Every structure is written in C-alpha cells, then in structure tokens.
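A short worksheet on the structure shown next.
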Amino acid sequence: MRRLAPLLLVALLAGGCWDRTEVNDIALVTAMAIDVGSEHPYRLSLQIILPQLVGARSPGGGGGSSPSQAQQVAIVGREGRSLMEAADSIQREVSRWLRFGHTSFIVLGEELARRGITDVIGFLATHRGVRLRTPVYVAEGDGLAVLKAQPLLEGTPGEVVEELGSMQNLPRATVGSVADELGREGIEPVMARLSTTPALSPAGFDGGGGGGGQGAASTRLELRLTGAGLFQGDRLVDFVGPQEAMAIAWVRNRTLESLFTVFPPEGGLVTFNALRLRSRLEVVPVDPRPQVRIHLTTIGELLENSARLDLTDPVVVNRLERLVEATVAAEIAHAIESVQKRGTDVFGFGFALFKRDPRAWRERWAREWDRVFPTLPVQVTATVDARRIGLVPEPVDAPERPVRQFPPGEEGAIPQDPTQVSPGGEPPVE
Amino acid sequence: MPTSHHGEREGDDTSFDGLAEAYWAAEAQALPGELREASQALRQGLERYEATLDQAAESLDRGQRLQVLLSGTAELRELPLSPSLDQNVQSLEALFRHAADWVLRPFRLAGGRRAVVAYLDGMVDVAVIDDHLVKPLMYDAFPLRAGPVTATVQEVLKAHAIAASQVREGATLGEVVNGILDGDALLLVDGEGVGLIVSQRGWQKRALSEPPSESTIRGPREGFTETLRTNTALLRRRLRTPSLKFEAMTVGTLSRTDVVIAYLDRIATDALVEEVRSRLERLIIDSPQDVQSLDELIRDAPTSLFPTIRVTERPDAVAGELLEGRVAILAANTPFVLVVPATFWGHFQSPEDYYHSFYVASALRLLRIVFAFLALTLPATYVAITTFHADMVPTSLLITIAAAREGVPFPALLEALMMEVMFEVLREAGLRLPRQVGQAVSIVGALVIGEAAVTAGIVSAPMVILVAMTGIASFTIPSYEMALAIRLLRFPVLLAAGFLGLFGVGAAIMFILVHLADLRSFSVPYLAPVAPLRLGRVASVFVRPPFWAQIFRPSLTAQFNRQRAVGGLKPQPPQTPAPSAGSPDGTGPEGEDGP
C-alpha cells in the first residue's frame, strides 16, 4: 500500500482525465441539418434538447402543465466557411458544451447534396464526437425544414426519424457507410429521402392540453421518409420512389419486410407479407456486357385471402408461392430497370464484379462503367417460402361454403405490372 | 443457611501475616521434615503471590499490570494444598479477598472432621450444592468417622458421599482456584492435601433463540448461545459421531476464556487443525473480547478489509462447514463461532441455500453475487458515465437524467458521496437507536432523503434511486462482514470514478481483485476455486449443486475421506423390479460404506 500510494497519486494527477463534464453542462445535439448557406458555403443547424423542459417535474404530476413537445428542443444554426467554423460559432452562443454523440440523424439539404458531399461526410467521419453509425438522410428541399417539423407522436424529429428509419424498406446510410462508399469503386451512395408534409391531422386535432393549439395545427409539419436519393460520385443526381428504394434496399440486404399482392387467375387477391428478405447478387463478367443475376429469398405469410383459396392445402400454398415468386421477381426487376435508367450504380453491381474478377474490372469495365451500367441485363429470380397462413384459414363470412380450390395444372397468368409502379414520381398518399 | 460470606472486609493483611507467621513457626517444629518443606513452599509461594499483587498495584501506572497479574496466577499453579484445612482456608480467603460473591461454608463431615465447601455465588447451582453435597456429608452416615488420616478419604467421598457425576481432585492451589472460578464447588476436608472439585455449574444462561443476524425462512430456528457447552451440544447433536472433536483450551490470562476447536477427525486436514491450534496457543492476552479479537489475532492478512474468517451463529452452518473439512473455533460467552478457512465466495453462500430447491438456491446465489458487485460499483458507474461518458447512455435515458439533474447544485460525485454518507448514517443510526424511536428516525430519513431533498432540488431523483438500490443490494450479502467490507469499499471506488471515470472504476476493481487474489485464509487461496482455477468446483461457487450431485468434499480443505456420498443417488424410477439396496444410516454422511 505504501508503495502503491505514490502510484495512485500519479494516476490521479497525471491521468489527464480531468475532462469531467456534468450532465448540467452539456447540450445534447439530437439532430443535425447541413445546408448551403446564403452567405457562406455551409449552414449548420443543430437541434438541441432543453432538459429543463423535458418530463413533468411539477409536483402535481398531471401532464396538463407540461410544455408541449415542440418546446423541448431548440434549433440553433449558423453559417460558416467550413462546418467546423459554423459549429464553433454555434458553440460560442450556447452556454453548454455541444455533444454530438447522441445525434440521432443527420440530414443533408438537397442543394448541398447536389453540390457534393465529400467534404461534409469527411468532416462528420473525422469529427471526434459524431458517431460513424449516425444515420444520414437526404432532404427533399431544405434540410432545416426537417428539423423544424413537429411530429405528433414522438417528442422530436430525431425520435420520429429513428423509428421510421427502422421500420421502413429504405436503403440505410450512415456516416460510416457513406464514407465507405464514397471511397469505393463500383458502388454509389444512396440515402433515404426525408421530406416534410403538412400534418396528417385535421386542424385543431392536436390541441391536447396546451393553450396555443389552434394556430399550431395548421402550420405543423409532419416528417415523411419516402424513396431515396441516388448519388453519382458525391453528388445527388435523382430521387426515386418507394418501389425502387425497396428494391435497392433488398439488393443491398437491408430490407425488413414488404408487401406483395398477387392475383390468382380465378379472381380476388392474396397478399404476401415478405418478412425475412435476403438477396444474393452475382455479376458474371462476360462480353459484351456483364450478366447480373440477383436471387431473392424471402419467408413470409399469406394474408388477405380474398380469393377464397384453401390455404390449408399444401398444393394451393405451393402454387401461390410460385405466383408470388413470379410477382416479386417481376416487380423487383422492374424497379431495378427503373434505377438503371438513372445511370448510377447504387446496387453495387460494379463492386460485385470487382469482387468476382478484380482484373477484368480494372482493365475492362471500370472506366466505362457509367455507360455500361444502364444497359446491363439483369436477371431476377426469387424463392418464396410462405410459412404462415394467418390465424383463420377459411373465409370468415361463410364457413360452410366450400372454399375454392386453386385450379390444378394452371399457374395463372402473371400480371404484367401489378402495382403500377411510378418511378421517380410522387409516392401515393394513402 | 449458615454459610459465611466473607468479602466485605476480612482482616487486614498484617494481622493475617502475623497469624500465619506464628502458625508456620509453630508448625515447623511439630511436623516432620517433608511436610515442613511443603508448608515452607506454600509460605514462600504465598509471599511471592502477595509480592506480585503489590507489584501489580504499583505497576498500574507503568502499564505492566497484565504481565504481573499473569505471573501472579501462574504462581499459584505450583502451590500444593496443605493438609491443614485452616491453612488452605486462609490461602483461599487471601486470594478471594474483596470478592463479594465468594462463599465459604465450614461444616463437619457427619459431625466428625471439619470440612469446607467453597464456591462463587451465582456460578453454581446453590440448591444442588446444598442438597447433594453438603447435606449428605453433614447428616448421612459417613464411613470414615474421625478415623486416622488415610489416603483413601477422597476415594471414599467420591465413591460414596458426593452425589455428583463430575468430580475431580485438585492437589494444587491453582487447580482448586481455577475450579472455583470456573463455577465448580470446592470441598476441602481437614487433614487432606487434596481438594475435591465438584462440578455443579449453574449460572444464568440465555435460552436458545433464532439467530437474529442470520435468519432463514426454511432452516432450523436455533442459534448458538453464550454458553459454550450448549454450543458444543448443538454441534454434537448434528454430527453424532466420535470423530467430531472438541479440543478445549484457555485463552486470556485474566478471563481464562474457554475456547474449543471443533473439527471432524480424518476429514479436516491435520495440518489445518495444527495451524489453528498453534495460532491460538501463541495468544497471550488478558482477555479476548468476543470472537472478534480472536479473529483479528489469528487471521491471515490482518490489515485486509475482507473477512478471511467466517463468523456465524448458526449451528447448522457450522456443521456444514465441518463436513467440508473446515475447523470451527468456539469461545465461551459469545454466540458467534469462527470458521476457517473462509473463501471469498463462501461469504455469498447462505445456509438458506441448503433449504431451498437447488434451482432457487442457485438463482439466489447468483443474484447475491451480481448485487454484491452492484453494491460496490453502481454509484461509481453512474457518476463515471454521467460525468465522463455521457455518450454511452441511451439518448432518452440521458435526457431523463439531464432533466432530473437540471438545477441540482452539486457535481454528480459530490451528490453521490453525500447521499451515500447520508444513507450510511441512517443505517448506523437505525442500528443504535432504541427501538421505540427507530421508526421515527426511519420516517424522517425516508422523507428527508427521499422526498424533500429531491423536491428541494438538492439531489436528483435518479441518485436517490441508485443509492437506495445500492443499499438494498448490499443487504443481499449473507455475510455481515463481507457486506461491511463492500459498503466501505464503495467509497474509494466512487472517488476513483469521480476523478477518472470508468477508467477509475476499472482501476479500482482491478486493485481490489489483485488484493483478493493475494489473500489466503489458512493456506487456502481466498478466491478459490476461481482464482487458482479448479474447473470441477467453479460451478459450485455460482450454483448450489443438488445433494445427489455433491459426492465429494472440497479438496482444498478435506484431505481424507473426500467422498461424502455414493454416486447415483439421484432418484429415478427403478429399471427392474426394485432391488432394495437402502443404506441404513441416514444421519452421518460418513462415506465409509461407499464402494
């Protein structure tokens, strides 16, 4: 102990760990928007939590007096010649230390994204406080507008984006993954698109308890995650709709679940909820153009059996599976084709080719990939496994009525374009 | 009852000395040479004793009282009793001067020879002494009426007259004095140089009661008491085998505290028993205070915070430990028993473990270990994470914490220290308070700490929750000593966390671990079987194996006779029409009749 005492003292004094910061002295950044500034190249906007307004600290305990959710956060923003400069000028006006570790998402303004994101991503990836796993989105229009949205259910846009991002079939991008793809050949970054829309609710609906609810309802903005922004190099070139975004996500093995509707030949429809989605991408380097083969697998459940098929019959289920496979393959192939037309290889076909044959990629394809990519023949196959058929296999209305059998020997015509995909257009509002 | 109480004032020294002087002078001429030498020795001895007593009185200021008093009683051991009753009585009266509980009752043996019964009031059962010792001797026919001095007087008395089963002879003053001090009655007969020490101890003792510091739900309700003999009986009742040994010794030059080393012969290693014996024998101390002083005097790593000796007041726990080859040390006047060797993990085992199903017991044992760790590190981790590593906390939790801490005037470290100290104060006060006010204090404590401090914004609510959790977690540790160690260590860990963050917590835990790995308890590594890894036994640290799987004793303590049960005791349906192969003995897990 006597020998250890000086050692301990040295450890205490020379540890250099005196960067103790009380929770009271930090400002938590929960979201970040990066746009093109009006005077300077960058405008950095930060959404900061105001902890004193979070939670009901009133002794009465009733929720009525708690501040409305929009007031729990504040948005601060500054312009700068560089992002660090902008951050620094924000810091100078905020009395607490900015902490970026809890940033739940970063949204890049459309204009900035079209200008090029290399510097921005480089800054974010090298900044000590920002995590590489922070999700990155591209805004439709202004990034700051996203931060200003006042979502209904969650407290802050950060939470909404976090939830939506984990629920939807969108390609996911993080600071790390974008940085990675920027430096990689044969694959281009893709980010989910964040946009704002007027609130879902009719005016006055959200007036819960606060006094000034009437005016806020009309101007309140909800957040939407729809489609994706495609990048060529570090520039945003185009947006695509949800179908294409889902296809991209599936090919990149990032999809959670998706719905497919099939129309059996005898009328009605059956919905297939694809749950476990996997894909295998293979690019065969043959002349004149490499062959792309994508094999999709999914395990899911059959729902909404308005075709009145007997789902307890394995033969029926088997035929339905084949039908779903054809539908899935057709839809995804269609979406891929639509993306190919944009000319940017967000699927990573080029990278797959590089992995398959690095020499051929470097000598033959790398230079003219942008030209070759839109014309690549893509062959999509699917394997569907319908494991579940729902709780009530018979139609609920008339159990005594015989359930129709799927006509044997007939596969049924595959509908050409079951869902009328509108590539790049506005997503259908439900 | 015509007993004579001496004690308030029994002659002054000069008159006594003068009388004795004269007596001895006269006797020196009358008696034969051998007897004269003996009486001279007695005289010299008494003089030396007087001298040492004087010296003791003088040396009070010099702080050597202990040594002198020690040699004072040691002197007595050599002094033979005189055949003269008067001489013996005088010696005893001199020794027990100013002792109000001293009783000396002279009488005549059936009207013949003079005799005295002497004892200390309150230590003996007076009624029994009167009925079974004095009365038969006084009234009943005594076979040797005023006959000539024979060597068989003691034998005759023992064989025919004294109705007590524990009688022994004492030939020296030391023996009879110690007998009296132990609570025996002394019978001296005129003309006999040997006293009879009759054991009729009967002091007030507490009845068996439930051990308050280690209560169990399902276990036996009896705990040790302050009476050593009762305690050994409690053990003997559980291990009815001659191989249960109780080695008696005396520690304490003034208190002469009886200490018993209990072990199972041929199960505990001889080396261990010998080590315990030698560590106890080297103790020269006036009076050990409870077993705690024995603990501190014989333990390994005397400056360590961690208990290297287990202290328990449950006979069933001690019996279980003995069966695993450990050694128990019992002492008089305390219901607590020391058990050695003790390991770190042993302190997380409760007797309760053996009274529950092994699933439940294992889960609880794991829970205790986890929460002991939490009790050590929870406030420290909170302080470290919130002040150094805020990025580690999930965002929503951090926002909640930040909201709660908003407006708290102190840094988290100070807040935690304050609350922890306050909690310890409340706990200590709760222990010390008279039961009647205890409730009031706990209400005040709960309100002040829990409610008012948060409402006033002096501390944050999460901190109160954490401190409460920590406090409760520390109560899950079955061993009170271990709980104390962990409670105390929490503060250094907290400080390290406040200065260095999680790095500090890690460093503090490493420091503690290194220290633990360094400890030994009676040559058993303290962290065994985890630190010197014994794969076969590690599981039993964290789970309580079912009884049919406990086939062997731990090898670190049990040397011989390692098998404690035969294999294949797991109940299962009979394969064939059951061949009755029951083992007759259900009590003693001897393991001898195994294959």
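In the structure tokens, chains take letters A, B, ... by order of appearance, with residues numbered from 1 within each chain and ligands from 1 in the order shown.
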Closest atom pairs, residues of chain B within 10 Å of chain A, only C-alpha atoms, as a Markdown table:
```
| residue | atom | partner | partner_atom | distance |
| --- | --- | --- | --- | --- |
| B:Val383 | CA | A:Glu22 | CA | 9.1 |
| B:Ala384 | CA | A:Arg20 | CA | 8.7 |
| B:Ile385 | CA | A:Val23 | CA | 9.7 |
| B:Thr386 | CA | A:Val23 | CA | 6.1 |
| B:Thr387 | CA | A:Glu22 | CA | 4.7 |
| B:Phe388 | CA | A:Arg20 | CA | 5.2 |
| B:His389 | CA | A:Arg20 | CA | 8.8 |
| B:Ala390 | CA | A:Val23 | CA | 7.4 |
| B:Asp391 | CA | A:Gly101 | CA | 5.2 |
| B:Met392 | CA | A:Gly101 | CA | 8.4 |
| B:Val393 | CA | A:His102 | CA | 8.8 |
| B:Pro394 | CA | A:His102 | CA | 7.9 |
| B:Thr395 | CA | A:His102 | CA | 5.9 |
| B:Ser396 | CA | A:Glu159 | CA | 9.2 |
| B:Leu398 | CA | A:Val23 | CA | 8.4 |
| B:Ile399 | CA | A:Pro51 | CA | 6.1 |
| B:Thr400 | CA | A:Val54 | CA | 7.3 |
| B:Ile401 | CA | A:Val23 | CA | 7.8 |
| B:Ala402 | CA | A:Val23 | CA | 5.7 |
| B:Ala403 | CA | A:Pro51 | CA | 4.4 |
| B:Ala404 | CA | A:Gln52 | CA | 7.9 |
| B:Arg405 | CA | A:Asn24 | CA | 6.5 |
| B:Glu406 | CA | A:Gln52 | CA | 5.9 |
| B:Gly407 | CA | A:Asn24 | CA | 7.8 |
| B:Val408 | CA | A:Asn24 | CA | 8.3 |
| B:Pro409 | CA | A:Asn24 | CA | 9.4 |
| B:Phe410 | CA | A:Glu22 | CA | 9.4 |
| B:Pro411 | CA | A:Glu22 | CA | 6.4 |
| B:Ala412 | CA | A:Glu22 | CA | 6.9 |
| B:Leu413 | CA | A:Glu22 | CA | 9.4 |
| B:Thr455 | CA | A:Pro59 | CA | 7.8 |
| B:Ala496 | CA | A:Leu12 | CA | 8.2 |
| B:Gly498 | CA | A:Arg20 | CA | 8.1 |
| B:Phe499 | CA | A:Leu12 | CA | 6.9 |
| B:Leu500 | CA | A:Cys17 | CA | 5.7 |
| B:Gly501 | CA | A:Cys17 | CA | 7.7 |
| B:Phe503 | CA | A:Cys17 | CA | 9.0 |
| B:Gly504 | CA | A:Leu12 | CA | 8.9 |
| B:Ala507 | CA | A:Leu8 | CA | 9.8 |
```
Requested in this report: Based on DSSP run over this structure's backbone, return all residues of range 167-371 of chain A in helix (DSSP H, G or I), as a ChimeraX atom specification.
Outcome: /A:167,175-182,213-219,242-251,314-342,349-356,358-365,369-371
Query - Spatial neighbours of Glu39 in chain A, max dist 9 Å, only C-alpha atoms, sep filter under 6 positions, as a ChimeraX atom specification - result: /A:79-81
Export, as a short mmCIF file (atom, residue, chain, number, x, y, z; two decimals), in the first residue's frame, the selected residues with all heavy atoms.
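Final file, part_14.cif:
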```cif
data_model
loop_
_atom_site.label_atom_id
_atom_site.label_comp_id
_atom_site.auth_asym_id
_atom_site.auth_seq_id
_atom_site.Cartn_x
_atom_site.Cartn_y
_atom_site.Cartn_z
N GLU A 79 -23.95 29.98 -40.08
CA GLU A 79 -23.28 29.69 -41.34
C GLU A 79 -21.78 29.81 -41.15
O GLU A 79 -21.30 30.42 -40.20
CB GLU A 79 -23.75 30.65 -42.42
CG GLU A 79 -25.21 30.45 -42.74
CD GLU A 79 -25.65 31.27 -43.92
OE1 GLU A 79 -24.81 32.00 -44.48
OE2 GLU A 79 -26.84 31.19 -44.28
N GLY A 80 -21.07 29.17 -42.03
CA GLY A 80 -19.62 29.25 -41.91
C GLY A 80 -18.95 28.85 -43.20
O GLY A 80 -19.57 28.20 -44.06
N ARG A 81 -17.68 29.25 -43.30
CA ARG A 81 -16.95 28.84 -44.49
C ARG A 81 -16.66 27.34 -44.46
O ARG A 81 -16.49 26.70 -45.48
CB ARG A 81 -15.65 29.62 -44.57
CG ARG A 81 -15.84 31.04 -45.06
CD ARG A 81 -14.60 31.80 -44.90
NE ARG A 81 -14.21 31.88 -43.49
CZ ARG A 81 -13.13 32.50 -43.06
NH1 ARG A 81 -12.32 33.07 -43.93
NH2 ARG A 81 -12.86 32.54 -41.79
#
```
Query raised in the report: Skipping near chain neighbours, those fewer than 2 positions away, what residues fall within 9 Å of range 234-245 of chain A using only C-alpha atoms, listed as a PyMOL selection string?
Result: chain A and resi 110-118+138+140+169-171+182+188-190+192-193+226-232+247-250+331-332+334-336+338-339+342+344+421-427
Query - Near-Ile34 in chain A list (10 Å; only C-alpha atoms; drop same-chain fewer than 2 positions) as an MDAnalysis selection string - result: chainID A and resid 32 36:37 42:46 77 79 83 106:113 120 138:139 142:144
